[in-house]
file upload.tsv (TSV, C-alpha atoms and all ligand atoms)
chain	number	residue	atom	x	y	z
I	1	MET	CA	7.39	-15.60	2.29
I	2	ASP	CA	3.61	-16.07	2.31
I	3	ARG	CA	2.15	-12.55	2.38
I	4	ASN	CA	-1.44	-13.55	3.03
I	5	LEU	CA	-3.17	-12.26	6.20
I	6	PHE	CA	-3.95	-15.86	7.05
I	7	GLY	CA	-0.46	-17.19	6.29
I	8	PRO	CA	1.85	-18.26	9.14
I	9	ILE	CA	4.91	-16.35	10.27
I	10	ARG	CA	7.87	-17.09	12.49
I	11	LEU	CA	9.05	-14.65	15.17
I	12	GLY	CA	12.38	-16.07	16.29
I	13	THR	CA	11.56	-19.62	17.36
I	14	MET	CA	7.82	-18.89	17.66
I	15	GLU	CA	5.48	-20.06	14.88
I	16	VAL	CA	2.41	-17.81	14.72
I	17	PRO	CA	-0.51	-19.23	12.68
I	18	ASN	CA	-1.53	-15.94	11.01
I	19	ARG	CA	-0.76	-12.21	10.81
I	20	PHE	CA	-3.29	-10.94	13.36
I	21	VAL	CA	-2.01	-9.61	16.68
I	22	ARG	CA	-4.03	-8.51	19.70
I	23	SER	CA	-2.01	-5.50	20.80
I	24	ALA	CA	-1.30	-5.21	24.54
I	25	THR	CA	-4.38	-3.90	26.32
I	26	ASN	CA	-4.65	-3.31	30.05
I	27	GLU	CA	-7.77	-5.37	30.67
I	28	CYS	CA	-8.31	-4.32	34.31
I	29	LEU	CA	-9.21	-7.92	35.18
I	30	THR	CA	-7.10	-8.44	38.29
I	31	ASP	CA	-7.79	-9.40	41.89
I	32	LYS	CA	-6.84	-7.50	44.97
I	33	GLY	CA	-3.03	-7.62	44.96
I	34	ASP	CA	-2.94	-7.42	41.14
I	35	TYR	CA	-3.02	-11.17	40.48
I	36	VAL	CA	-4.55	-12.09	37.11
I	37	THR	CA	-8.00	-13.67	37.26
I	38	ASP	CA	-10.01	-16.40	35.55
I	39	ARG	CA	-12.08	-13.68	33.86
I	40	LEU	CA	-8.90	-12.58	32.11
I	41	ALA	CA	-8.27	-16.19	31.04
I	42	GLU	CA	-11.80	-16.23	29.58
I	43	LEU	CA	-11.08	-13.06	27.62
I	44	TYR	CA	-7.86	-14.52	26.14
I	45	GLU	CA	-9.66	-17.77	25.36
I	46	ALA	CA	-12.32	-15.80	23.45
I	47	LEU	CA	-9.54	-14.15	21.41
I	48	ALA	CA	-7.84	-17.50	20.73
I	49	ARG	CA	-11.16	-19.08	19.75
I	50	GLY	CA	-11.83	-16.03	17.59
I	51	GLY	CA	-8.69	-16.70	15.52
I	52	VAL	CA	-6.12	-14.16	16.78
I	53	GLY	CA	-2.64	-15.52	15.92
I	54	LEU	CA	-0.64	-13.69	18.58
I	55	ILE	CA	-2.12	-12.41	21.83
I	56	ILE	CA	-0.06	-9.82	23.69
I	57	THR	CA	-1.26	-9.44	27.27
I	58	GLY	CA	-1.87	-6.09	28.93
I	59	TYR	CA	0.93	-4.25	30.71
I	60	ALA	CA	2.41	-6.35	33.55
I	61	TYR	CA	4.60	-4.31	35.86
I	62	VAL	CA	8.08	-5.62	36.64
I	63	ARG	CA	8.52	-3.73	39.93
I	64	ALA	CA	5.93	-2.63	42.47
I	65	ASP	CA	6.66	1.06	41.86
I	66	GLY	CA	6.15	0.69	38.08
I	67	LYS	CA	2.38	0.30	38.05
I	68	SER	CA	0.89	2.97	35.79
I	69	SER	CA	-2.86	2.47	36.06
I	70	THR	CA	-5.37	0.97	38.47
I	71	SER	CA	-6.23	-2.74	38.14
I	72	GLN	CA	-3.00	-3.51	36.28
I	73	ALA	CA	-1.45	-6.99	36.50
I	74	ALA	CA	1.80	-7.59	38.40
I	75	ILE	CA	4.83	-9.76	37.54
I	76	TYR	CA	7.33	-8.39	40.07
I	77	ASP	CA	7.49	-11.53	42.24
I	78	ASP	CA	7.44	-15.31	41.78
I	79	LYS	CA	4.19	-15.42	43.76
I	80	PHE	CA	2.36	-14.19	40.62
I	81	ILE	CA	3.45	-17.17	38.48
I	82	PRO	CA	0.70	-19.71	39.42
I	83	ALA	CA	-2.15	-17.36	38.42
I	84	TYR	CA	-0.51	-16.75	35.01
I	85	LYS	CA	-0.05	-20.52	34.59
I	86	ARG	CA	-3.81	-20.96	34.74
I	87	ILE	CA	-4.07	-18.62	31.75
I	88	THR	CA	-1.38	-20.27	29.62
I	89	GLU	CA	-2.76	-23.75	30.39
I	90	ARG	CA	-6.19	-22.69	29.30
I	91	LEU	CA	-4.83	-21.49	25.95
I	92	ARG	CA	-2.82	-24.64	25.27
I	93	PRO	CA	-5.46	-26.32	23.01
I	94	TYR	CA	-5.43	-23.32	20.62
I	95	PRO	CA	-2.91	-22.50	17.88
I	96	ALA	CA	-2.66	-18.90	19.17
I	97	ARG	CA	0.61	-17.85	20.81
I	98	ILE	CA	0.56	-15.69	23.95
I	99	VAL	CA	3.24	-13.23	24.98
I	100	LEU	CA	3.44	-11.28	28.26
I	101	GLN	CA	4.02	-7.53	27.94
I	102	ILE	CA	6.48	-6.41	30.65
I	103	ALA	CA	6.75	-2.78	31.65
I	104	HIS	CA	7.67	-0.11	34.18
I	105	GLY	CA	5.85	3.22	34.30
I	106	GLY	CA	8.75	5.50	35.30
I	107	ARG	CA	7.41	9.07	35.43
I	108	GLN	CA	3.98	7.78	34.29
I	109	SER	CA	3.63	5.50	37.34
I	110	ILE	CA	0.61	6.14	39.54
I	111	PRO	CA	1.46	8.04	42.75
I	112	SER	CA	-0.04	5.31	44.99
I	113	ALA	CA	2.38	2.72	43.55
I	114	CYS	CA	5.55	4.75	44.04
I	115	ASN	CA	4.70	6.63	47.23
I	116	GLY	CA	4.30	9.83	45.25
I	117	SER	CA	7.93	9.63	44.15
I	118	PRO	CA	8.24	8.25	40.61
I	119	ILE	CA	11.62	7.53	39.04
I	120	ALA	CA	12.70	8.50	35.52
I	121	PRO	CA	15.81	9.10	33.44
I	122	SER	CA	15.48	12.86	34.14
I	123	PRO	CA	13.31	15.09	36.35
I	124	VAL	CA	10.83	16.15	33.65
I	125	PRO	CA	7.45	17.01	35.25
I	126	TYR	CA	4.49	14.88	34.20
I	127	PRO	CA	1.37	17.03	33.76
I	128	VAL	CA	-1.06	14.15	34.32
I	129	THR	CA	0.09	13.39	37.90
I	130	LYS	CA	1.56	16.89	38.42
I	131	LEU	CA	4.65	15.18	39.87
I	132	THR	CA	8.29	15.70	39.00
I	133	PRO	CA	10.11	12.37	38.95
I	134	ARG	CA	13.43	11.74	40.62
I	135	GLU	CA	16.41	11.14	38.33
I	136	MET	CA	17.56	7.52	38.56
I	137	THR	CA	21.04	6.71	39.76
I	138	GLU	CA	23.18	4.33	37.76
I	139	ASP	CA	22.58	1.61	40.37
I	140	GLU	CA	18.84	2.08	39.99
I	141	ILE	CA	19.15	1.71	36.21
I	142	LEU	CA	21.04	-1.57	36.68
I	143	GLU	CA	18.39	-2.72	39.17
I	144	ILE	CA	15.58	-1.99	36.68
I	145	ILE	CA	17.43	-3.98	34.00
I	146	ARG	CA	17.51	-6.95	36.39
I	147	SER	CA	13.79	-6.52	37.13
I	148	PHE	CA	12.93	-6.84	33.42
I	149	ALA	CA	15.10	-9.95	33.13
I	150	GLN	CA	13.45	-11.52	36.20
I	151	ALA	CA	10.03	-10.74	34.76
I	152	ALA	CA	11.03	-12.50	31.52
I	153	ARG	CA	12.12	-15.57	33.52
I	154	ARG	CA	8.78	-15.59	35.37
I	155	ALA	CA	6.93	-15.32	32.06
I	156	ARG	CA	8.77	-18.37	30.73
I	157	GLU	CA	8.10	-20.31	33.93
I	158	ALA	CA	4.42	-19.38	33.71
I	159	GLY	CA	4.22	-20.95	30.24
I	160	PHE	CA	4.13	-17.87	28.02
I	161	HIS	CA	5.53	-18.24	24.51
I	162	GLY	CA	7.55	-15.04	24.85
I	163	VAL	CA	7.69	-11.53	26.29
I	164	GLN	CA	7.25	-8.08	24.82
I	165	LEU	CA	9.31	-5.23	26.28
I	166	HIS	CA	7.16	-2.10	26.50
I	167	SER	CA	9.20	0.76	25.09
I	168	ALA	CA	6.31	2.83	23.79
I	169	HIS	CA	3.69	5.32	25.00
I	170	GLY	CA	5.99	7.18	27.39
I	171	TYR	CA	6.63	4.42	29.94
I	172	LEU	CA	10.08	3.99	31.48
I	173	LEU	CA	11.95	2.36	28.57
I	174	SER	CA	10.32	4.79	26.16
I	175	GLN	CA	11.35	7.67	28.47
I	176	PHE	CA	14.98	6.59	28.07
I	177	ILE	CA	14.94	6.61	24.26
I	178	SER	CA	13.19	10.00	24.09
I	179	PRO	CA	15.22	13.23	24.04
I	180	PHE	CA	12.19	14.93	25.63
I	181	THR	CA	12.22	12.82	28.81
I	182	ASN	CA	15.89	11.79	28.81
I	183	ARG	CA	18.18	14.80	29.39
I	184	ARG	CA	21.01	12.82	30.97
I	185	GLN	CA	24.61	13.54	30.17
I	186	ASP	CA	26.08	10.23	31.28
I	187	LYS	CA	26.30	7.04	29.21
I	188	TRP	CA	22.49	6.55	29.50
I	189	GLY	CA	21.60	9.83	27.75
I	190	GLY	CA	22.58	12.21	24.98
I	191	SER	CA	23.35	10.40	21.71
I	192	VAL	CA	20.83	7.97	20.28
I	193	GLU	CA	23.26	5.13	21.09
I	194	ASN	CA	23.32	6.22	24.75
I	195	ARG	CA	19.54	6.64	24.95
I	196	ALA	CA	19.07	3.14	23.47
I	197	ARG	CA	21.63	1.58	25.81
I	198	ILE	CA	19.04	0.51	28.39
I	199	LEU	CA	17.06	-1.42	25.74
I	200	LEU	CA	20.14	-3.32	24.62
I	201	GLU	CA	21.11	-4.04	28.23
I	202	VAL	CA	17.58	-5.24	29.05
I	203	LEU	CA	17.63	-7.50	25.99
I	204	LYS	CA	21.04	-8.88	26.96
I	205	ALA	CA	19.91	-9.47	30.58
I	206	CYS	CA	16.72	-11.22	29.37
I	207	ARG	CA	18.76	-13.46	27.07
I	208	LYS	CA	20.98	-14.40	30.00
I	209	GLU	CA	17.91	-15.41	32.04
I	210	VAL	CA	15.77	-17.07	29.37
I	211	GLY	CA	18.25	-18.06	26.65
I	212	LYS	CA	18.32	-17.41	22.92
I	213	GLU	CA	15.34	-19.59	22.10
I	214	PHE	CA	12.73	-17.71	24.15
I	215	PRO	CA	11.20	-14.96	22.00
I	216	VAL	CA	11.76	-11.39	23.16
I	217	LEU	CA	9.71	-8.81	21.25
I	218	ILE	CA	9.51	-5.07	21.71
I	219	LYS	CA	6.82	-2.42	21.33
I	220	LEU	CA	8.75	0.63	20.20
I	221	ASN	CA	7.73	4.24	19.85
I	222	SER	CA	8.42	5.55	16.36
I	223	ASP	CA	7.40	9.13	17.25
I	224	ASP	CA	6.49	10.65	20.62
I	225	CYS	CA	4.07	13.02	18.85
I	226	ILE	CA	5.45	15.93	20.89
I	227	GLY	CA	7.79	18.77	19.89
I	228	ASP	CA	11.15	17.74	21.36
I	229	GLY	CA	10.35	14.06	21.52
I	230	LEU	CA	11.60	10.98	19.72
I	231	LYS	CA	11.30	11.10	15.92
I	232	ILE	CA	11.28	8.35	13.32
I	233	GLU	CA	14.91	8.91	12.31
I	234	ASP	CA	16.13	7.93	15.81
I	235	ALA	CA	13.55	5.14	16.05
I	236	VAL	CA	14.92	3.59	12.84
I	237	LYS	CA	18.44	3.64	14.30
I	238	ILE	CA	17.23	2.11	17.57
I	239	ALA	CA	15.29	-0.64	15.78
I	240	SER	CA	18.37	-1.39	13.74
I	241	MET	CA	20.51	-1.74	16.90
I	242	LEU	CA	17.88	-4.03	18.40
I	243	GLY	CA	17.78	-6.09	15.21
I	244	LYS	CA	21.52	-6.63	15.36
I	245	ALA	CA	21.26	-7.51	19.06
I	246	GLY	CA	18.72	-10.28	18.34
I	247	ILE	CA	15.25	-8.88	19.04
I	248	ASP	CA	12.58	-11.24	17.63
I	249	ALA	CA	9.97	-8.70	16.44
I	250	VAL	CA	9.28	-4.96	16.65
I	251	GLU	CA	5.75	-3.60	17.09
I	252	VAL	CA	5.70	0.00	15.89
I	253	SER	CA	3.59	2.52	17.82
I	254	GLY	CA	3.87	6.12	18.98
I	255	GLY	CA	2.71	8.79	21.42
I	256	ILE	CA	3.41	9.40	25.11
I	257	GLY	CA	1.22	10.32	28.08
I	258	ASP	CA	1.84	14.05	27.45
I	259	SER	CA	0.57	13.73	23.86
I	260	PHE	CA	-2.45	11.50	24.61
I	261	PRO	CA	-4.44	10.29	22.67
I	262	SER	CA	-1.81	10.11	19.93
I	263	ALA	CA	-1.35	6.34	20.52
I	264	CYS	CA	-5.12	5.66	20.37
I	265	ARG	CA	-6.52	8.27	17.99
I	266	PRO	CA	-10.30	8.68	18.18
I	267	ASP	CA	-12.87	8.57	15.36
I	268	ILE	CA	-11.13	6.29	12.86
I	269	ASP	CA	-14.00	6.35	10.34
I	270	SER	CA	-12.33	6.07	6.92
I	271	PRO	CA	-9.43	4.08	5.41
I	272	GLY	CA	-7.42	7.31	5.11
I	273	LYS	CA	-7.42	7.72	8.91
I	274	GLU	CA	-6.38	4.12	9.55
I	275	ALA	CA	-2.92	2.70	10.29
I	276	TYR	CA	-1.50	6.04	11.37
I	277	PHE	CA	1.95	4.61	12.19
I	278	SER	CA	2.24	2.48	9.04
I	279	ASP	CA	4.66	4.82	7.23
I	280	ASN	CA	6.92	4.64	10.27
I	281	ALA	CA	6.52	0.85	10.35
I	282	ARG	CA	7.66	0.73	6.72
I	283	LYS	CA	10.79	2.75	7.51
I	284	ILE	CA	11.61	0.53	10.47
I	285	ARG	CA	10.90	-2.60	8.43
I	286	LEU	CA	13.31	-1.45	5.74
I	287	ALA	CA	16.03	-1.00	8.35
I	288	LEU	CA	15.36	-4.51	9.63
I	289	SER	CA	15.18	-6.25	6.24
I	290	ARG	CA	18.18	-7.28	4.29
I	291	SER	CA	17.78	-6.76	0.57
I	292	PRO	CA	20.18	-5.58	-2.11
I	293	GLU	CA	18.47	-2.14	-2.19
I	294	SER	CA	18.15	-1.59	1.54
I	295	ALA	CA	21.78	-2.55	1.98
I	296	LEU	CA	22.57	0.27	-0.44
I	297	GLY	CA	20.25	2.67	1.36
I	298	GLY	CA	17.44	2.37	-1.23
I	299	GLU	CA	13.79	1.44	-0.89
I	300	GLY	CA	14.07	-2.35	-0.62
I	301	SER	CA	12.90	-4.93	-3.11
I	302	ALA	CA	10.33	-7.66	-3.45
I	303	GLU	CA	12.86	-10.10	-4.89
I	304	GLY	CA	15.85	-11.31	-2.98
I	305	GLU	CA	14.61	-9.94	0.35
I	306	VAL	CA	15.78	-11.78	3.44
I	307	LEU	CA	13.63	-10.62	6.30
I	308	SER	CA	15.55	-10.82	9.52
I	309	VAL	CA	13.18	-9.19	12.05
I	310	PRO	CA	9.41	-9.10	11.48
I	311	VAL	CA	7.60	-5.80	12.03
I	312	ILE	CA	4.13	-5.45	13.53
I	313	CYS	CA	2.06	-2.35	12.77
I	314	VAL	CA	-0.43	-0.99	15.33
I	315	GLY	CA	-2.66	2.07	15.58
I	316	GLY	CA	-6.11	2.55	14.06
I	317	ILE	CA	-6.13	-0.49	11.76
I	318	ARG	CA	-9.76	-1.33	11.06
I	319	SER	CA	-10.52	-2.62	7.54
I	320	ARG	CA	-9.43	-5.75	5.77
I	321	GLU	CA	-8.50	-3.68	2.71
I	322	VAL	CA	-5.99	-1.65	4.77
I	323	MET	CA	-4.66	-4.77	6.52
I	324	GLU	CA	-4.04	-6.52	3.20
I	325	SER	CA	-2.33	-3.47	1.80
I	326	ILE	CA	-0.03	-3.18	4.87
I	327	ILE	CA	1.08	-6.77	4.34
I	328	SER	CA	1.23	-6.78	0.53
I	329	THR	CA	3.08	-3.47	0.24
I	330	LYS	CA	5.50	-4.62	2.96
I	331	LYS	CA	4.83	-1.82	5.39
I	332	ALA	CA	4.73	-4.53	8.04
I	333	ASP	CA	4.49	-8.30	8.42
I	334	MET	CA	1.66	-8.40	10.95
I	335	VAL	CA	-1.30	-6.18	11.84
I	336	SER	CA	-2.12	-5.45	15.45
I	337	MET	CA	-5.31	-4.15	17.05
I	338	SER	CA	-6.50	-3.31	20.54
I	339	ARG	CA	-9.87	-1.52	20.61
I	340	PRO	CA	-11.54	-3.57	17.83
I	341	PHE	CA	-10.94	-6.82	19.75
I	342	ILE	CA	-12.58	-5.41	22.89
I	343	ARG	CA	-15.76	-5.14	20.90
I	344	GLU	CA	-15.33	-8.15	18.58
I	345	PRO	CA	-13.02	-10.86	19.97
I	346	ASP	CA	-14.10	-13.07	17.05
I	347	LEU	CA	-13.16	-10.50	14.39
I	348	VAL	CA	-10.45	-12.63	12.75
I	349	GLU	CA	-12.84	-15.56	12.27
I	350	ARG	CA	-15.43	-13.17	10.86
I	351	PHE	CA	-12.86	-11.94	8.32
I	352	ARG	CA	-11.86	-15.51	7.49
I	353	LYS	CA	-15.45	-16.56	6.89
I	354	GLY	CA	-16.15	-13.44	4.82
I	355	LEU	CA	-18.70	-12.19	7.38
I	356	ALA	CA	-16.99	-8.81	7.89
I	357	GLU	CA	-14.87	-6.41	5.85
I	358	LYS	CA	-14.04	-4.05	8.70
I	359	ALA	CA	-14.10	-3.83	12.46
I	360	SER	CA	-17.23	-2.19	13.83
I	361	CYS	CA	-15.23	-0.32	16.52
I	362	ILE	CA	-15.85	3.45	16.23
I	363	SER	CA	-12.72	4.37	18.24
I	364	CYS	CA	-14.68	6.31	20.86
I	365	ASN	CA	-11.95	5.59	23.46
I	366	GLN	CA	-14.48	4.71	26.14
I	367	CYS	CA	-13.39	1.08	26.49
I	368	TRP	CA	-11.27	1.49	29.62
I	369	HIS	CA	-13.12	0.64	32.83
I	370	PRO	CA	-11.58	-0.07	36.27
I	371	LYS	CA	-13.65	-3.24	36.65
I	372	GLY	CA	-12.80	-4.63	33.20
I	373	ILE	CA	-12.55	-3.22	29.67
I	374	ARG	CA	-15.72	-3.29	27.62
I	375	CYS	CA	-17.20	-1.70	24.52
I	376	ALA	CA	-19.24	1.28	25.72
I	377	GLN	CA	-21.25	1.26	22.47
I	378	ILE	CA	-22.71	-2.20	22.98
I	379	GLY	CA	-26.34	-1.78	23.87
I	380	LYS	CA	-26.33	1.63	22.13
I	381	GLN	CA	-26.90	1.82	18.33
I	382	GLY	CA	-28.86	-1.46	18.50
I	383	LEU	CA	-25.62	-3.47	18.40
I	384	GLY	CA	-25.30	-6.93	19.93
I	385	ALA	CA	-23.42	-7.87	23.06
I	386	MET	CA	-19.85	-9.05	22.99
I	387	ASP	CA	-19.49	-12.74	23.90
I	401	LIG	C1	-8.19	0.24	27.09
I	401	LIG	C2	-6.82	0.25	26.49
I	401	LIG	C3	-5.74	-0.25	27.20
I	401	LIG	C4	-4.46	-0.27	26.63
I	401	LIG	N1	-3.44	-0.83	27.33
I	401	LIG	C5	-2.20	-0.95	26.76
I	401	LIG	C6	-1.16	-1.66	27.41
I	401	LIG	O1	-1.34	-2.22	28.50
I	401	LIG	N2	0.04	-1.71	26.78
I	401	LIG	C7	0.26	-1.15	25.55
I	401	LIG	O2	1.36	-1.25	25.01
I	401	LIG	N3	-0.72	-0.48	24.91
I	401	LIG	C8	-1.94	-0.39	25.46
I	401	LIG	N4	-2.96	0.22	24.78
I	401	LIG	C9	-2.69	0.75	23.42
I	401	LIG	C10	-2.98	-0.32	22.35
I	401	LIG	O3	-2.18	-1.47	22.47
I	401	LIG	C11	-2.79	0.24	20.92
I	401	LIG	O4	-1.43	0.59	20.74
I	401	LIG	C12	-3.68	1.45	20.64
I	401	LIG	O5	-4.95	1.31	21.24
I	401	LIG	C13	-3.88	1.66	19.14
I	401	LIG	O6	-4.45	0.52	18.53
I	401	LIG	P1	-6.02	0.39	18.16
I	401	LIG	O7	-6.34	1.57	17.27
I	401	LIG	O8	-6.14	-0.91	17.45
I	401	LIG	O9	-6.79	0.45	19.42
I	401	LIG	C14	-4.25	0.26	25.33
I	401	LIG	C15	-5.34	0.77	24.62
I	401	LIG	C16	-6.61	0.77	25.17
I	401	LIG	C17	-7.75	1.31	24.37
call {"tool": "encode", "arguments": {"input": "upload.tsv", "output": "C-alpha cells"}}
result
Amino acid sequence: MDRNLFGPIRLGTMEVPNRFVRSATNECLTDKGDYVTDRLAELYEALARGGVGLIITGYAYVRADGKSSTSQAAIYDDKFIPAYKRITERLRPYPARIVLQIAHGGRQSIPSACNGSPIAPSPVPYPVTKLTPREMTEDEILEIIRSFAQAARRAREAGFHGVQLHSAHGYLLSQFISPFTNRRQDKWGGSVENRARILLEVLKACRKEVGKEFPVLIKLNSDDCIGDGLKIEDAVKIASMLGKAGIDAVEVSGGIGDSFPSACRPDIDSPGKEAYFSDNARKIRLALSRSPESALGGEGSAEGEVLSVPVICVGGIRSREVMESIISTKKADMVSMSRPFIREPDLVERFRKGLAEKASCISCNQCWHPKGIRCAQIGKQGLGAMD
C-alpha cells in the first residue's frame, strides 16, 4: 500500500484521495431549528478546495433529546435531508469525500434538549450539567439503535459518502462501552462484550438500512482519561469486534466530558506533545491488521501485511514530520485534525506545495463560538484572516 501522505486510500467502498481527515467539529453554523446552513456548505467547500481528503461533519444528533451543545445540527427527521443535500451537491466537483457524524449525547445532552432528564446506560451524575441521568430501559436501547440506523439512511439519501458513528468523548455510545458510565448488569453492561453490544447492534441496524456498500466508520474512545473509565485494552477488543462485524474505518480518540480537555489538549507546541493518542492508534491498528506476526500476537510486520480496516489517528497532530511518521511507522493510515483546519482550511494544499511544515494553530481551545467556530488568534499576533 502507498504510505505517502498524499497517496489514496480505500475505506470500504470509498476511495479517499489522500490521508488527511478533517475530524468532526461542531461548527455551530445552523439555523433556528438546527437545519444546516449555506455558511456551513461554504466552510466544507473551503476544506475541499484546500485539499482535505475526507471531511467528517460536526456532530449531528439522531434524536431530539440527544443534542449536546447549542447550535448543533440535527438529523432526527427526514425534514433535515434537503438542507444537507445542498451541502453534498456543492462538494460534488471536488475529489474530497464527506461523511456525516451521527451521535446522541446521553448523559452529556444539554438540559434544554431533553427536558432536564437525560438518558444513559446508568444513573452516573454528570458534573457539567449537575444532572443525574435516567437509566435506559431495554426498549429505549432498541429505539436508540433504530434512530442511528434511520440517521444513516437519511445521510445516504442526502448524498453523503458515508457516516461516522460517534462513540468517543463520553457521548451515548461511548457511555455504553465505558465501565465508568455503564454499570448495568444486564446484557448491555458488565463484560466488554456486553458493553460493546450496542455498537455491534447499531452497525447491524445501519447495514440493514443502507446496505453493505455504504461506508460506516466509527470514532472510538481508546481511553476515557479518567480513573475507572475505558482503557486501551478494552478498546482494542472492541475495535477487533467491530472489524469482524464489518466497520469500514476506526478513528482513534479519547477523553470524556468529565475529563475535559483530554480530547483536545491545549498548548501543543512541540512534536513530543503531538499525536497524543497515536500509541493507542497503533495498538488498535495491530488488532485490525492481518499479518503473520499480529496473528501470532506479535508486533506486526511490514511485509505480508493485509490491512483489513484502516485506522485514523486524531488528537494534537500538527507537524508534517509527525504526520509522516504516523503513516510510515504504521501507527495509523490517516491523520485527522480539527482545530488546525479552523484556522487554516487550506493547510493540506500548503503542505503539498511546500509552503508549510506545520499547522500554525496554537491549541488555545478558544475556537468554539455559538455563532460559528473561528480562530480566536486571527487578528492577534499579526496573523492573517482565515478565508
Ligand atoms: C470547536 C470544536 C468542536 C468539536 N466538535 C466535535 C464533534 O462534533 N464531534 C467530535 O467527534 N469531535 C469534536 N471535536 C473534537 C475533535 O474532532 C478532535 O477530536 C479534537 O479537537 C482533537 O484534535 P485536534 O487536536 O486536531 O483539534 C471538536 C473540537 C473542537 C475544538
call {"tool": "residues_around", "arguments": {"input": "upload.tsv", "residues": "Ala332 of chain I", "least_positions_apart": "6", "cutoff": "10 Å", "atoms": "only C-alpha atoms", "output": "ChimeraX atom specification"}}
result
/I:19,250-252,278-286,310-314,323,325-326
call {"tool": "residues_near_ligand", "arguments": {"input": "upload.tsv", "ligand": "ligand LIG 401 (chain I)", "cutoff": "8 Å", "atoms": "only C-alpha atoms and all ligand atoms", "output": "PyMOL selection string"}}
result
chain I and resi 22-27+57-60+101+166+168-169+219+253-254+263-265+275+314-318+336-341+363+365-369+373
call {"tool": "atom_distance", "arguments": {"input": "upload.tsv", "atom1": "atom CA of Asp78 of chain I", "atom2": "atom CA of Ala103 of chain I"}}
result
16.1 Å
call {"tool": "atom_distance", "arguments": {"input": "upload.tsv", "atom1": "atom CA of Pro133 of chain I", "atom2": "atom CA of Gly229 of chain I"}}
result
17.5 Å
call {"tool": "atom_distance", "arguments": {"input": "upload.tsv", "atom1": "atom CA of Glu357 of chain I", "atom2": "atom CA of Leu217 of chain I"}}
result
29.1 Å
call {"tool": "closest_residue", "arguments": {"input": "upload.tsv", "among": "I:Arg92, I:Lys330, I:Arg374, I:Arg320", "to": "Ala356 of chain I", "atoms": "only C-alpha atoms"}}
result
I:Arg320
call {"tool": "residues_around", "arguments": {"input": "upload.tsv", "residues": "segment 105-118 of chain I", "least_positions_apart": "5", "cutoff": "12 Å", "atoms": "all atoms listed in the file", "output": "PyMOL selection string"}}
result
chain I and resi 33-34+59-72+74+123-136+140-141+144+166-176+181-182+256-258
call {"tool": "write_last_selection", "arguments": {"input": "upload.tsv", "atoms": "C-alpha atoms", "output": "compact mmCIF listing (two decimals), keeping the file's coordinate frame"}}
result
# COMPACT_ATOMS: atom_id res chain seq x y z
CA GLY I 33 -3.03 -7.62 44.96
CA ASP I 34 -2.94 -7.42 41.14
CA TYR I 59 0.93 -4.25 30.71
CA ALA I 60 2.41 -6.35 33.55
CA TYR I 61 4.60 -4.31 35.86
CA VAL I 62 8.08 -5.62 36.64
CA ARG I 63 8.52 -3.73 39.93
CA ALA I 64 5.93 -2.63 42.47
CA ASP I 65 6.66 1.06 41.86
CA GLY I 66 6.15 0.69 38.08
CA LYS I 67 2.38 0.30 38.05
CA SER I 68 0.89 2.97 35.79
CA SER I 69 -2.86 2.47 36.06
CA THR I 70 -5.37 0.97 38.47
CA SER I 71 -6.23 -2.74 38.14
CA GLN I 72 -3.00 -3.51 36.28
CA ALA I 74 1.80 -7.59 38.40
CA PRO I 123 13.31 15.09 36.35
CA VAL I 124 10.83 16.15 33.65
CA PRO I 125 7.45 17.01 35.25
CA TYR I 126 4.49 14.88 34.20
CA PRO I 127 1.37 17.03 33.76
CA VAL I 128 -1.06 14.15 34.32
CA THR I 129 0.09 13.39 37.90
CA LYS I 130 1.56 16.89 38.42
CA LEU I 131 4.65 15.18 39.87
CA THR I 132 8.29 15.70 39.00
CA PRO I 133 10.11 12.37 38.95
CA ARG I 134 13.43 11.74 40.62
CA GLU I 135 16.41 11.14 38.33
CA MET I 136 17.56 7.52 38.56
CA GLU I 140 18.84 2.08 39.99
CA ILE I 141 19.15 1.71 36.21
CA ILE I 144 15.58 -1.99 36.68
CA HIS I 166 7.16 -2.10 26.50
CA SER I 167 9.20 0.76 25.09
CA ALA I 168 6.31 2.83 23.79
CA HIS I 169 3.69 5.32 25.00
CA GLY I 170 5.99 7.18 27.39
CA TYR I 171 6.63 4.42 29.94
CA LEU I 172 10.08 3.99 31.48
CA LEU I 173 11.95 2.36 28.57
CA SER I 174 10.32 4.79 26.16
CA GLN I 175 11.35 7.67 28.47
CA PHE I 176 14.98 6.59 28.07
CA THR I 181 12.22 12.82 28.81
CA ASN I 182 15.89 11.79 28.81
CA ILE I 256 3.41 9.40 25.11
CA GLY I 257 1.22 10.32 28.08
CA ASP I 258 1.84 14.05 27.45
call {"tool": "residues_around", "arguments": {"input": "upload.tsv", "residues": "Leu29 of chain I", "least_positions_apart": "5", "cutoff": "9 Å", "atoms": "all atoms listed in the file", "output": "ChimeraX atom specification"}}
result
/I:34-40,71-73,370-373
call {"tool": "closest_residue", "arguments": {"input": "upload.tsv", "among": "I:Lys358, I:Arg156, I:Lys79, I:Lys237", "to": "Gly211 of chain I", "atoms": "all atoms listed in the file"}}
result
I:Arg156
call {"tool": "closest_residue", "arguments": {"input": "upload.tsv", "among": "I:Ile362, I:Ala151, I:Val52, I:Ala46", "to": "Ile268 of chain I", "atoms": "all atoms listed in the file"}}
result
I:Ile362
call {"tool": "closest_residue", "arguments": {"input": "upload.tsv", "among": "I:Asp248, I:Glu143, I:Asp269, I:Glu344", "to": "Leu11 of chain I", "atoms": "all atoms listed in the file"}}
result
I:Asp248
call {"tool": "residues_around", "arguments": {"input": "upload.tsv", "residues": "Phe20 of chain I", "least_positions_apart": "2", "cutoff": "10 Å", "atoms": "all atoms listed in the file", "output": "list in words"}}
result
Leu5, Phe6, Gly7, Pro8, Val16, Pro17, Asn18, Arg22, Ser23, Gly51, Val52, Gly53, Leu54, Ile55, Ala96, Ile312, Met323, Asp333, Met334, Val335, Ser336, Met337, Leu347 and Val348 of chain I
call {"tool": "closest_residue", "arguments": {"input": "upload.tsv", "among": "I:Thr137, I:Val216, I:Arg183, I:Trp188", "to": "Ala152 of chain I", "atoms": "all atoms listed in the file"}}
result
I:Val216
